[in-house]
Structure formats: C-alpha cells, structure tokens
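Structure data (mmCIF, N, CA, C and O atoms and all ligand atoms) from data15.cif:
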data_protein
loop_
_atom_site.label_atom_id
_atom_site.label_comp_id
_atom_site.auth_asym_id
_atom_site.auth_seq_id
_atom_site.Cartn_x
_atom_site.Cartn_y
_atom_site.Cartn_z
N MET A 1 0.83 -1.22 0.00
CA MET A 1 0.00 0.00 0.00
C MET A 1 0.85 1.25 0.00
O MET A 1 0.65 2.18 -0.76
N LYS A 2 1.88 1.23 0.84
CA LYS A 2 2.76 2.39 0.92
C LYS A 2 3.46 2.65 -0.41
O LYS A 2 3.60 3.78 -0.85
N LYS A 3 3.84 1.55 -1.07
CA LYS A 3 4.53 1.67 -2.35
C LYS A 3 3.60 2.29 -3.40
O LYS A 3 4.02 3.12 -4.21
N THR A 4 2.32 1.86 -3.36
CA THR A 4 1.34 2.38 -4.32
C THR A 4 1.17 3.89 -4.14
O THR A 4 1.15 4.63 -5.11
N LEU A 5 1.09 4.31 -2.88
CA LEU A 5 0.94 5.74 -2.61
C LEU A 5 2.14 6.53 -3.11
O LEU A 5 1.99 7.59 -3.70
N THR A 6 3.31 5.99 -2.86
CA THR A 6 4.53 6.66 -3.31
C THR A 6 4.55 6.78 -4.83
O THR A 6 4.88 7.84 -5.37
N THR A 7 4.13 5.70 -5.50
CA THR A 7 4.09 5.71 -6.96
C THR A 7 3.09 6.75 -7.46
O THR A 7 3.38 7.51 -8.38
N LEU A 8 1.91 6.78 -6.82
CA LEU A 8 0.88 7.75 -7.21
C LEU A 8 1.36 9.18 -7.00
O LEU A 8 1.16 10.04 -7.85
N LEU A 9 2.01 9.39 -5.89
CA LEU A 9 2.50 10.72 -5.57
C LEU A 9 3.56 11.16 -6.59
O LEU A 9 3.53 12.28 -7.09
N ALA A 10 4.44 10.25 -6.92
CA ALA A 10 5.48 10.54 -7.91
C ALA A 10 4.85 10.87 -9.26
O ALA A 10 5.27 11.81 -9.94
N ALA A 11 3.80 10.13 -9.64
CA ALA A 11 3.12 10.36 -10.91
C ALA A 11 2.45 11.74 -10.90
O ALA A 11 2.52 12.48 -11.87
N ALA A 12 1.80 12.07 -9.77
CA ALA A 12 1.11 13.36 -9.66
C ALA A 12 2.12 14.50 -9.76
O ALA A 12 1.88 15.50 -10.44
N LEU A 13 3.25 14.36 -9.11
CA LEU A 13 4.28 15.40 -9.17
C LEU A 13 4.83 15.53 -10.59
O LEU A 13 5.11 16.62 -11.05
N GLY A 14 4.95 14.40 -11.27
CA GLY A 14 5.42 14.41 -12.65
C GLY A 14 4.49 15.20 -13.55
O GLY A 14 4.93 16.00 -14.37
N VAL A 15 3.19 15.01 -13.36
CA VAL A 15 2.19 15.73 -14.15
C VAL A 15 2.28 17.23 -13.87
O VAL A 15 2.26 18.04 -14.78
N LEU A 16 2.42 17.59 -12.61
CA LEU A 16 2.54 19.00 -12.25
C LEU A 16 3.75 19.65 -12.91
O LEU A 16 3.68 20.78 -13.37
N ALA A 17 4.84 18.90 -12.96
CA ALA A 17 6.08 19.44 -13.54
C ALA A 17 5.93 19.74 -15.02
O ALA A 17 6.61 20.59 -15.57
N LEU A 18 4.99 19.04 -15.69
CA LEU A 18 4.79 19.25 -17.12
C LEU A 18 3.88 20.43 -17.41
O LEU A 18 3.83 20.91 -18.52
N ALA A 19 3.14 20.88 -16.41
CA ALA A 19 2.19 21.97 -16.62
C ALA A 19 2.88 23.32 -16.61
O ALA A 19 4.10 23.40 -16.71
N GLY A 20 2.10 24.37 -16.45
CA GLY A 20 2.57 25.74 -16.55
C GLY A 20 3.89 26.08 -15.87
O GLY A 20 4.74 26.71 -16.50
N PRO A 21 4.07 25.70 -14.62
CA PRO A 21 5.28 26.12 -13.91
C PRO A 21 6.58 25.83 -14.65
O PRO A 21 7.54 26.58 -14.54
N ALA A 22 6.61 24.76 -15.45
CA ALA A 22 7.81 24.44 -16.23
C ALA A 22 8.08 25.54 -17.25
O ALA A 22 9.22 25.91 -17.48
N TRP A 23 7.01 26.08 -17.81
CA TRP A 23 7.14 27.16 -18.79
C TRP A 23 7.69 28.41 -18.13
O TRP A 23 8.53 29.11 -18.70
N VAL A 24 7.19 28.69 -16.94
CA VAL A 24 7.68 29.86 -16.20
C VAL A 24 9.19 29.74 -16.02
O VAL A 24 9.93 30.69 -16.27
N GLY A 25 9.64 28.54 -15.64
CA GLY A 25 11.07 28.30 -15.45
C GLY A 25 11.87 28.49 -16.73
O GLY A 25 12.96 29.06 -16.70
N LEU A 26 11.31 28.02 -17.85
CA LEU A 26 11.99 28.16 -19.13
C LEU A 26 12.11 29.63 -19.54
O LEU A 26 13.15 30.07 -20.01
N PHE A 27 11.03 30.37 -19.31
CA PHE A 27 11.05 31.81 -19.63
C PHE A 27 12.08 32.52 -18.76
O PHE A 27 12.88 33.31 -19.25
N GLU A 28 12.07 32.20 -17.47
CA GLU A 28 12.98 32.86 -16.52
C GLU A 28 14.44 32.54 -16.83
O GLU A 28 15.31 33.39 -16.70
N LYS A 29 14.68 31.32 -17.30
CA LYS A 29 16.04 30.92 -17.66
C LYS A 29 16.46 31.64 -18.94
O LYS A 29 17.58 32.14 -19.05
N GLN A 30 15.53 31.69 -19.90
CA GLN A 30 15.82 32.33 -21.19
C GLN A 30 16.23 33.79 -21.02
O GLN A 30 17.14 34.28 -21.67
N TYR A 31 15.50 34.49 -20.14
CA TYR A 31 15.72 35.93 -20.00
C TYR A 31 16.41 36.31 -18.69
O TYR A 31 16.46 37.49 -18.35
N ASP A 32 16.93 35.32 -17.99
CA ASP A 32 17.67 35.56 -16.75
C ASP A 32 16.86 36.49 -15.82
O ASP A 32 17.34 37.54 -15.40
N VAL A 33 15.62 36.08 -15.58
CA VAL A 33 14.70 36.87 -14.75
C VAL A 33 15.19 36.89 -13.30
O VAL A 33 15.45 35.84 -12.71
N LYS A 34 15.34 38.08 -12.78
CA LYS A 34 15.91 38.25 -11.43
C LYS A 34 14.83 38.19 -10.33
O LYS A 34 13.70 38.64 -10.55
N PRO A 35 15.22 37.66 -9.15
CA PRO A 35 14.28 37.65 -8.02
C PRO A 35 13.81 39.07 -7.71
O PRO A 35 14.61 40.00 -7.78
N GLY A 36 12.52 39.22 -7.42
CA GLY A 36 11.99 40.53 -7.05
C GLY A 36 11.59 41.39 -8.23
O GLY A 36 10.99 42.45 -8.05
N SER A 37 11.92 40.95 -9.46
CA SER A 37 11.56 41.75 -10.64
C SER A 37 10.07 41.58 -10.96
O SER A 37 9.42 40.65 -10.48
N ASN A 38 9.56 42.49 -11.80
CA ASN A 38 8.15 42.41 -12.20
C ASN A 38 7.87 41.11 -12.94
O ASN A 38 6.83 40.49 -12.73
N LEU A 39 8.80 40.71 -13.81
CA LEU A 39 8.60 39.47 -14.57
C LEU A 39 8.59 38.25 -13.66
O LEU A 39 7.84 37.31 -13.87
N LYS A 40 9.43 38.28 -12.62
CA LYS A 40 9.46 37.18 -11.66
C LYS A 40 8.13 37.09 -10.92
O LYS A 40 7.57 36.01 -10.73
N LYS A 41 7.62 38.26 -10.52
CA LYS A 41 6.34 38.29 -9.79
C LYS A 41 5.18 37.90 -10.69
O LYS A 41 4.19 37.36 -10.22
N ALA A 42 5.30 38.19 -11.98
CA ALA A 42 4.20 37.93 -12.92
C ALA A 42 3.94 36.43 -13.07
O ALA A 42 2.80 36.01 -13.22
N LYS A 43 5.01 35.62 -13.04
CA LYS A 43 4.88 34.16 -13.21
C LYS A 43 3.99 33.80 -14.40
O LYS A 43 4.31 34.13 -15.53
N CYS A 44 2.84 33.16 -14.15
CA CYS A 44 1.95 32.69 -15.21
C CYS A 44 1.44 33.84 -16.08
O CYS A 44 1.13 33.66 -17.26
N ALA A 45 1.34 35.05 -15.45
CA ALA A 45 0.77 36.20 -16.16
C ALA A 45 1.65 36.70 -17.29
O ALA A 45 1.24 37.55 -18.08
N VAL A 46 2.87 36.16 -17.42
CA VAL A 46 3.71 36.53 -18.57
C VAL A 46 3.00 36.09 -19.85
O VAL A 46 3.00 36.80 -20.85
N CYS A 47 2.36 34.93 -19.81
CA CYS A 47 1.70 34.36 -21.01
C CYS A 47 0.19 34.23 -20.88
O CYS A 47 -0.50 34.02 -21.86
N HIS A 48 -0.33 34.32 -19.64
CA HIS A 48 -1.76 34.06 -19.45
C HIS A 48 -2.50 35.25 -18.85
O HIS A 48 -1.92 36.05 -18.13
N THR A 49 -3.78 35.33 -19.16
CA THR A 49 -4.65 36.31 -18.53
C THR A 49 -5.22 35.67 -17.27
O THR A 49 -4.76 35.95 -16.18
N LYS A 50 -6.18 34.77 -17.46
CA LYS A 50 -6.72 34.02 -16.32
C LYS A 50 -6.61 32.53 -16.61
O LYS A 50 -6.92 32.10 -17.71
N GLY A 51 -6.20 31.77 -15.63
CA GLY A 51 -6.12 30.32 -15.79
C GLY A 51 -5.34 29.94 -17.02
O GLY A 51 -4.20 30.37 -17.19
N LYS A 52 -5.95 29.15 -17.88
CA LYS A 52 -5.27 28.67 -19.08
C LYS A 52 -5.35 29.65 -20.24
O LYS A 52 -4.71 29.46 -21.27
N GLU A 53 -6.17 30.68 -20.11
CA GLU A 53 -6.36 31.64 -21.20
C GLU A 53 -5.05 32.39 -21.49
O GLU A 53 -4.40 32.91 -20.58
N LEU A 54 -4.68 32.43 -22.77
CA LEU A 54 -3.42 33.07 -23.15
C LEU A 54 -3.60 34.55 -23.45
O LEU A 54 -4.63 34.95 -24.01
N ASN A 55 -2.61 35.36 -23.11
CA ASN A 55 -2.62 36.75 -23.55
C ASN A 55 -2.01 36.81 -24.96
O ASN A 55 -1.64 35.78 -25.52
N ALA A 56 -1.89 38.00 -25.52
CA ALA A 56 -1.41 38.14 -26.90
C ALA A 56 0.00 37.56 -27.07
O ALA A 56 0.30 36.92 -28.08
N TYR A 57 0.86 37.76 -26.08
CA TYR A 57 2.22 37.21 -26.14
C TYR A 57 2.17 35.68 -26.09
O TYR A 57 2.84 35.00 -26.86
N GLY A 58 1.34 35.16 -25.19
CA GLY A 58 1.18 33.71 -25.07
C GLY A 58 0.68 33.08 -26.37
O GLY A 58 1.13 32.01 -26.76
N LYS A 59 -0.25 33.80 -27.03
CA LYS A 59 -0.79 33.29 -28.30
C LYS A 59 0.28 33.26 -29.39
O LYS A 59 0.36 32.31 -30.17
N ASP A 60 1.10 34.32 -29.44
CA ASP A 60 2.19 34.33 -30.43
C ASP A 60 3.20 33.23 -30.14
O ASP A 60 3.72 32.60 -31.05
N LEU A 61 3.46 33.02 -28.85
CA LEU A 61 4.39 31.97 -28.45
C LEU A 61 3.83 30.60 -28.84
O LEU A 61 4.55 29.73 -29.33
N GLU A 62 2.52 30.44 -28.66
CA GLU A 62 1.87 29.18 -29.03
C GLU A 62 2.02 28.92 -30.53
O GLU A 62 2.31 27.81 -30.95
N LYS A 63 1.84 29.97 -31.34
CA LYS A 63 2.01 29.83 -32.80
C LYS A 63 3.44 29.43 -33.13
O LYS A 63 3.68 28.59 -34.00
N ALA A 64 4.40 30.05 -32.43
CA ALA A 64 5.81 29.79 -32.70
C ALA A 64 6.22 28.36 -32.32
O ALA A 64 7.20 27.84 -32.82
N LEU A 65 5.44 27.74 -31.44
CA LEU A 65 5.73 26.36 -31.02
C LEU A 65 5.59 25.38 -32.17
O LEU A 65 6.27 24.37 -32.23
N LYS A 66 4.67 25.70 -33.08
CA LYS A 66 4.39 24.84 -34.24
C LYS A 66 4.16 23.40 -33.82
O LYS A 66 4.78 22.47 -34.36
N GLY A 67 3.35 23.22 -32.81
CA GLY A 67 3.00 21.87 -32.38
C GLY A 67 3.93 21.25 -31.34
O GLY A 67 3.63 20.18 -30.82
N ALA A 68 5.05 21.90 -31.04
CA ALA A 68 5.97 21.37 -30.02
C ALA A 68 5.31 21.45 -28.65
O ALA A 68 4.41 22.25 -28.43
N LYS A 69 5.75 20.58 -27.73
CA LYS A 69 5.13 20.51 -26.41
C LYS A 69 5.58 21.62 -25.47
O LYS A 69 4.85 22.04 -24.58
N LYS A 70 6.81 22.08 -25.64
CA LYS A 70 7.28 23.16 -24.79
C LYS A 70 8.28 24.03 -25.54
O LYS A 70 8.91 23.58 -26.50
N PRO A 71 8.41 25.28 -25.11
CA PRO A 71 9.27 26.22 -25.83
C PRO A 71 10.76 25.95 -25.65
O PRO A 71 11.20 25.43 -24.62
N THR A 72 11.53 26.31 -26.66
CA THR A 72 12.99 26.25 -26.61
C THR A 72 13.48 27.70 -26.73
O THR A 72 12.67 28.61 -26.91
N ALA A 73 14.78 27.88 -26.69
CA ALA A 73 15.35 29.22 -26.87
C ALA A 73 14.90 29.80 -28.21
O ALA A 73 14.58 30.99 -28.31
N GLU A 74 14.80 28.95 -29.23
CA GLU A 74 14.40 29.39 -30.57
C GLU A 74 12.94 29.86 -30.57
O GLU A 74 12.60 30.81 -31.27
N THR A 75 12.09 29.15 -29.80
CA THR A 75 10.68 29.54 -29.74
C THR A 75 10.56 30.95 -29.17
O THR A 75 9.82 31.78 -29.70
N PHE A 76 11.28 31.20 -28.08
CA PHE A 76 11.23 32.53 -27.47
C PHE A 76 11.78 33.59 -28.44
O PHE A 76 11.20 34.66 -28.60
N LYS A 77 12.88 33.25 -29.11
CA LYS A 77 13.51 34.20 -30.04
C LYS A 77 12.57 34.53 -31.20
O LYS A 77 12.57 35.66 -31.69
N ALA A 78 11.78 33.54 -31.63
CA ALA A 78 10.89 33.72 -32.77
C ALA A 78 9.85 34.81 -32.55
O ALA A 78 9.34 35.39 -33.51
N VAL A 79 9.52 35.10 -31.29
CA VAL A 79 8.48 36.10 -31.01
C VAL A 79 9.05 37.39 -30.40
O VAL A 79 8.30 38.32 -30.10
N GLU A 80 10.37 37.45 -30.27
CA GLU A 80 10.99 38.63 -29.63
C GLU A 80 10.75 39.93 -30.40
O GLU A 80 10.55 40.98 -29.81
N GLN A 81 10.80 39.83 -31.73
CA GLN A 81 10.68 41.04 -32.54
C GLN A 81 9.22 41.43 -32.81
O GLN A 81 8.96 42.46 -33.42
N LEU A 82 8.30 40.61 -32.35
CA LEU A 82 6.88 40.93 -32.53
C LEU A 82 6.42 41.91 -31.46
O LEU A 82 7.04 42.01 -30.40
N ASP A 83 5.36 42.62 -31.77
CA ASP A 83 4.71 43.49 -30.78
C ASP A 83 3.33 42.87 -30.54
O ASP A 83 2.34 43.30 -31.12
N SER A 84 3.31 41.85 -29.71
CA SER A 84 2.10 41.04 -29.53
C SER A 84 0.88 41.86 -29.13
O SER A 84 -0.21 41.63 -29.61
N ASP A 85 1.06 42.83 -28.23
CA ASP A 85 -0.10 43.59 -27.76
C ASP A 85 -0.28 44.90 -28.53
O ASP A 85 -1.14 45.72 -28.17
N LYS A 86 0.52 45.10 -29.58
CA LYS A 86 0.37 46.26 -30.48
C LYS A 86 0.40 47.61 -29.75
O LYS A 86 -0.36 48.50 -30.06
N ASP A 87 1.29 47.71 -28.75
CA ASP A 87 1.40 49.00 -28.05
C ASP A 87 2.62 49.80 -28.51
O ASP A 87 2.98 50.81 -27.92
N GLY A 88 3.26 49.33 -29.58
CA GLY A 88 4.42 50.03 -30.12
C GLY A 88 5.74 49.59 -29.52
O GLY A 88 6.80 50.07 -29.92
N VAL A 89 5.70 48.68 -28.55
CA VAL A 89 6.92 48.18 -27.91
C VAL A 89 7.10 46.69 -28.26
O VAL A 89 6.19 45.89 -28.01
N LYS A 90 8.23 46.35 -28.86
CA LYS A 90 8.48 44.94 -29.20
C LYS A 90 8.53 44.09 -27.93
O LYS A 90 8.95 44.57 -26.88
N ASN A 91 8.18 42.82 -28.08
CA ASN A 91 8.18 41.91 -26.93
C ASN A 91 9.53 41.92 -26.20
O ASN A 91 9.57 42.01 -24.97
N ILE A 92 10.61 41.83 -26.96
CA ILE A 92 11.93 41.76 -26.34
C ILE A 92 12.25 43.05 -25.58
O ILE A 92 12.88 43.01 -24.52
N ASP A 93 11.80 44.19 -26.12
CA ASP A 93 12.06 45.46 -25.43
C ASP A 93 11.26 45.55 -24.13
O ASP A 93 11.75 46.08 -23.13
N ALA A 94 10.04 45.03 -24.16
CA ALA A 94 9.23 45.00 -22.94
C ALA A 94 9.90 44.10 -21.89
O ALA A 94 10.04 44.48 -20.73
N ILE A 95 10.36 42.93 -22.34
CA ILE A 95 11.00 41.98 -21.42
C ILE A 95 12.26 42.59 -20.81
O ILE A 95 12.48 42.50 -19.61
N LYS A 96 13.07 43.25 -21.68
CA LYS A 96 14.30 43.87 -21.18
C LYS A 96 13.99 44.99 -20.20
O LYS A 96 14.80 45.28 -19.30
N ALA A 97 12.82 45.63 -20.35
CA ALA A 97 12.41 46.70 -19.44
C ALA A 97 11.69 46.14 -18.22
O ALA A 97 11.09 46.89 -17.45
N ASP A 98 11.74 44.80 -18.05
CA ASP A 98 11.08 44.12 -16.94
C ASP A 98 9.58 44.37 -16.93
O ASP A 98 8.97 44.62 -15.90
N LYS A 99 8.99 44.31 -18.14
CA LYS A 99 7.53 44.45 -18.25
C LYS A 99 6.97 43.23 -18.94
O LYS A 99 7.59 42.66 -19.85
N VAL A 100 5.78 42.82 -18.53
CA VAL A 100 5.09 41.72 -19.18
C VAL A 100 4.76 42.17 -20.61
O VAL A 100 4.22 43.25 -20.79
N PRO A 101 5.14 41.35 -21.62
CA PRO A 101 4.97 41.76 -23.02
C PRO A 101 3.52 42.06 -23.41
O PRO A 101 3.27 42.86 -24.30
N ALA A 102 2.56 41.40 -22.79
CA ALA A 102 1.15 41.63 -23.08
C ALA A 102 0.32 41.30 -21.86
O ALA A 102 0.59 40.31 -21.18
N THR A 103 -0.66 42.15 -21.58
CA THR A 103 -1.51 41.88 -20.41
C THR A 103 -2.88 41.37 -20.84
O THR A 103 -3.64 40.89 -20.01
N LYS A 104 -3.21 41.50 -22.15
CA LYS A 104 -4.50 41.02 -22.63
C LYS A 104 -4.32 40.00 -23.73
O LYS A 104 -3.30 39.97 -24.39
CA CA B 201 4.14 45.40 -27.08
#
Can the structure from this file be put into structure tokens for me?
Ligand SMILES: [Ca+2]
Amino acid sequence: MKKTLTTLLAAALGVLALAGPAWVGLFEKQYDVKPGSNLKKAKCAVCHTKGKELNAYGKDLEKALKGAKKPTAETFKAVEQLDSDKDGVKNIDAIKADKVPATK
C-alpha cells in the first residue's frame, strides 16, 4: 500500500512538472529573470490572462511552437521582434524593461 501511494505521488508530481510552472522556469532561464523583478512576480501572467487563457504574447508563443510541447530558446527568439499587444513596444524590449509583453 505504501509503495502504491509513493508511486501515485510521484506520478502526480510528474504531471505538475509538465504543466505551466515548467514554462515559467523556461522563460525565466531564457531571459535571466531576477528575483523581485516584475517578470518574476508575474509568473503565469507573462503568457496568461486568467487560468489557461493566453494573452497576446502567449498566443504568439503558441504559434511559434508549431506543435511542439514546450518552448525552446528558438521559440522565445521567434516572437521577440513581434509586438504582440500592439502597443508600439516589441516583446523583447518590454521583457528587457522588466515588463510583461502583453496583459490582454
Ligand atoms: Ca508590445
């Protein structure tokens, strides 16, 4: 019984690791997001509005994935020059300014 619980727990943790938080880590690694920064505090909000709903940057990132399961450095680079939220600031410039590239 104890072994079954351990196996179930390990499986549940594995599923969690594949969900959103992994993406947050990939984004933070890609852009060397510092503790205490706006981007660090934003976490899921870098790509999402509410829950699973994507913001404009998240949608562009999804397109750049081209069916891949998770983003790579190339995926992030593919959307850097875009202005996902059409506010006149490129995604990469917003990120460098420690601002979420799109809020809607
Ligand atoms: Ca923008």
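With only N, CA, C and O atoms and all ligand atoms as the atoms that count, the residue of A:Leu39, A:Val24, A:Val89, A:Ala94 with the shortest distance to ligand CA 201 (chain B) is A:Val89.
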Which chains and residue numbers are within 8 Å of ligand CA 201 (chain B), counting only C-alpha atoms and all ligand atoms, if I want them as a list in words?
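Protein and nucleic-acid residues within 8 Å of ligand CA 201 (chain B): Leu82, Asp83, Ser84, Asp85, Lys86, Asp87, Gly88, Val89, Lys90, Asn91, Ala94, Pro101 and Ala102 of chain A.
For the atom pair formed by atom N of Lys63 in chain A and atom C of Gly51 in chain A, the distance is 16.0 Å, given to one decimal.
Taking atom O of Asn55 in chain A and atom O of Gly25 in chain A as endpoints, the distance between them is 18.3 Å.
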Would you mind reading off the distance between CA of Ala97 in chain A and CA of Lys52 in chain A, one decimal, in Å?
25.3 Å
Could you list, as a count of residues only, every residue within 5 Å of Val46 in chain A, counting all atoms listed in the file and ignoring same-chain residues fewer than 3 positions away?
4
List every protein, DNA or RNA residue with an atom no more than 8 Å from (8.3, 33.2, -14.4) in the file's coordinates, counting only N, CA, C and O atoms, and format the result as a list in words.
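The answer, in the requested form, is Gly20, Pro21, Ala22, Trp23, Val24, Gly25, Leu26, Phe27, Glu28, Lys29, Val33, Asn38, Leu39, Lys40, Lys41, Ala42, Lys43, Cys44, Ala45 and Val46 of chain A.
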Missing atoms in range 21-31 of chain A need filling: write out all heavy atoms for it as a PDB file, in the coordinates of the input.
ATOM      1  N   PRO A  21       4.070  25.700 -14.620  1.00  0.00           N
ATOM      2  CA  PRO A  21       5.280  26.120 -13.910  1.00  0.00           C
ATOM      3  C   PRO A  21       6.580  25.830 -14.650  1.00  0.00           C
ATOM      4  O   PRO A  21       7.540  26.580 -14.540  1.00  0.00           O
ATOM      5  CB  PRO A  21       5.212  25.325 -12.602  1.00  0.00           C
ATOM      6  CG  PRO A  21       3.751  25.143 -12.387  1.00  0.00           C
ATOM      7  CD  PRO A  21       3.167  24.964 -13.764  1.00  0.00           C
ATOM      8  N   ALA A  22       6.610  24.760 -15.450  1.00  0.00           N
ATOM      9  CA  ALA A  22       7.810  24.440 -16.230  1.00  0.00           C
ATOM     10  C   ALA A  22       8.080  25.540 -17.250  1.00  0.00           C
ATOM     11  O   ALA A  22       9.220  25.910 -17.480  1.00  0.00           O
ATOM     12  CB  ALA A  22       7.632  23.101 -16.931  1.00  0.00           C
ATOM     13  N   TRP A  23       7.010  26.080 -17.810  1.00  0.00           N
ATOM     14  CA  TRP A  23       7.140  27.160 -18.790  1.00  0.00           C
ATOM     15  C   TRP A  23       7.690  28.410 -18.130  1.00  0.00           C
ATOM     16  O   TRP A  23       8.530  29.110 -18.700  1.00  0.00           O
ATOM     17  CB  TRP A  23       5.785  27.473 -19.429  1.00  0.00           C
ATOM     18  CG  TRP A  23       5.318  26.435 -20.394  1.00  0.00           C
ATOM     19  CD1 TRP A  23       5.055  25.130 -20.137  1.00  0.00           C
ATOM     20  CD2 TRP A  23       5.065  26.632 -21.788  1.00  0.00           C
ATOM     21  NE1 TRP A  23       4.641  24.512 -21.289  1.00  0.00           N
ATOM     22  CE2 TRP A  23       4.625  25.405 -22.303  1.00  0.00           C
ATOM     23  CE3 TRP A  23       5.143  27.752 -22.623  1.00  0.00           C
ATOM     24  CZ2 TRP A  23       4.288  25.249 -23.637  1.00  0.00           C
ATOM     25  CZ3 TRP A  23       4.803  27.600 -23.954  1.00  0.00           C
ATOM     26  CH2 TRP A  23       4.387  26.350 -24.457  1.00  0.00           C
ATOM     27  N   VAL A  24       7.190  28.690 -16.940  1.00  0.00           N
ATOM     28  CA  VAL A  24       7.680  29.860 -16.200  1.00  0.00           C
ATOM     29  C   VAL A  24       9.190  29.740 -16.020  1.00  0.00           C
ATOM     30  O   VAL A  24       9.930  30.690 -16.270  1.00  0.00           O
ATOM     31  CB  VAL A  24       6.975  29.998 -14.831  1.00  0.00           C
ATOM     32  CG1 VAL A  24       7.623  31.095 -13.994  1.00  0.00           C
ATOM     33  CG2 VAL A  24       5.495  30.282 -15.019  1.00  0.00           C
ATOM     34  N   GLY A  25       9.640  28.540 -15.640  1.00  0.00           N
ATOM     35  CA  GLY A  25      11.070  28.300 -15.450  1.00  0.00           C
ATOM     36  C   GLY A  25      11.870  28.490 -16.730  1.00  0.00           C
ATOM     37  O   GLY A  25      12.960  29.060 -16.700  1.00  0.00           O
ATOM     38  N   LEU A  26      11.310  28.020 -17.850  1.00  0.00           N
ATOM     39  CA  LEU A  26      11.990  28.160 -19.130  1.00  0.00           C
ATOM     40  C   LEU A  26      12.110  29.630 -19.540  1.00  0.00           C
ATOM     41  O   LEU A  26      13.150  30.070 -20.010  1.00  0.00           O
ATOM     42  CB  LEU A  26      11.250  27.370 -20.219  1.00  0.00           C
ATOM     43  CG  LEU A  26      11.316  25.852 -20.087  1.00  0.00           C
ATOM     44  CD1 LEU A  26      10.318  25.185 -21.014  1.00  0.00           C
ATOM     45  CD2 LEU A  26      12.721  25.354 -20.392  1.00  0.00           C
ATOM     46  N   PHE A  27      11.030  30.370 -19.310  1.00  0.00           N
ATOM     47  CA  PHE A  27      11.050  31.810 -19.630  1.00  0.00           C
ATOM     48  C   PHE A  27      12.080  32.520 -18.760  1.00  0.00           C
ATOM     49  O   PHE A  27      12.880  33.310 -19.250  1.00  0.00           O
ATOM     50  CB  PHE A  27       9.642  32.409 -19.395  1.00  0.00           C
ATOM     51  CG  PHE A  27       9.580  33.893 -19.668  1.00  0.00           C
ATOM     52  CD1 PHE A  27       9.290  34.370 -20.938  1.00  0.00           C
ATOM     53  CD2 PHE A  27       9.801  34.805 -18.647  1.00  0.00           C
ATOM     54  CE1 PHE A  27       9.244  35.744 -21.195  1.00  0.00           C
ATOM     55  CE2 PHE A  27       9.761  36.179 -18.893  1.00  0.00           C
ATOM     56  CZ  PHE A  27       9.480  36.648 -20.166  1.00  0.00           C
ATOM     57  N   GLU A  28      12.070  32.200 -17.470  1.00  0.00           N
ATOM     58  CA  GLU A  28      12.980  32.860 -16.520  1.00  0.00           C
ATOM     59  C   GLU A  28      14.440  32.540 -16.830  1.00  0.00           C
ATOM     60  O   GLU A  28      15.310  33.390 -16.700  1.00  0.00           O
ATOM     61  CB  GLU A  28      12.625  32.460 -15.081  1.00  0.00           C
ATOM     62  CG  GLU A  28      11.303  33.065 -14.653  1.00  0.00           C
ATOM     63  CD  GLU A  28      10.872  32.648 -13.260  1.00  0.00           C
ATOM     64  OE1 GLU A  28      11.504  31.765 -12.658  1.00  0.00           O
ATOM     65  OE2 GLU A  28       9.862  33.207 -12.788  1.00  0.00           O
ATOM     66  N   LYS A  29      14.680  31.320 -17.300  1.00  0.00           N
ATOM     67  CA  LYS A  29      16.040  30.920 -17.660  1.00  0.00           C
ATOM     68  C   LYS A  29      16.460  31.640 -18.940  1.00  0.00           C
ATOM     69  O   LYS A  29      17.580  32.140 -19.050  1.00  0.00           O
ATOM     70  CB  LYS A  29      16.076  29.401 -17.870  1.00  0.00           C
ATOM     71  CG  LYS A  29      17.480  28.835 -17.899  1.00  0.00           C
ATOM     72  CD  LYS A  29      17.449  27.308 -18.021  1.00  0.00           C
ATOM     73  CE  LYS A  29      18.820  26.793 -18.395  1.00  0.00           C
ATOM     74  NZ  LYS A  29      18.761  25.515 -19.108  1.00  0.00           N
ATOM     75  N   GLN A  30      15.530  31.690 -19.900  1.00  0.00           N
ATOM     76  CA  GLN A  30      15.820  32.330 -21.190  1.00  0.00           C
ATOM     77  C   GLN A  30      16.230  33.790 -21.020  1.00  0.00           C
ATOM     78  O   GLN A  30      17.140  34.280 -21.670  1.00  0.00           O
ATOM     79  CB  GLN A  30      14.577  32.230 -22.086  1.00  0.00           C
ATOM     80  CG  GLN A  30      14.712  32.903 -23.438  1.00  0.00           C
ATOM     81  CD  GLN A  30      15.554  32.085 -24.409  1.00  0.00           C
ATOM     82  OE1 GLN A  30      15.823  30.917 -24.190  1.00  0.00           O
ATOM     83  NE2 GLN A  30      15.975  32.711 -25.494  1.00  0.00           N
ATOM     84  N   TYR A  31      15.500  34.490 -20.140  1.00  0.00           N
ATOM     85  CA  TYR A  31      15.720  35.930 -20.000  1.00  0.00           C
ATOM     86  C   TYR A  31      16.410  36.310 -18.690  1.00  0.00           C
ATOM     87  O   TYR A  31      16.460  37.490 -18.350  1.00  0.00           O
ATOM     88  CB  TYR A  31      14.400  36.675 -20.190  1.00  0.00           C
ATOM     89  CG  TYR A  31      13.872  36.479 -21.597  1.00  0.00           C
ATOM     90  CD1 TYR A  31      12.751  35.705 -21.843  1.00  0.00           C
ATOM     91  CD2 TYR A  31      14.543  37.034 -22.691  1.00  0.00           C
ATOM     92  CE1 TYR A  31      12.295  35.481 -23.133  1.00  0.00           C
ATOM     93  CE2 TYR A  31      14.101  36.816 -23.987  1.00  0.00           C
ATOM     94  CZ  TYR A  31      12.975  36.043 -24.204  1.00  0.00           C
ATOM     95  OH  TYR A  31      12.540  35.822 -25.488  1.00  0.00           O
TER      96      TYR A  31
END
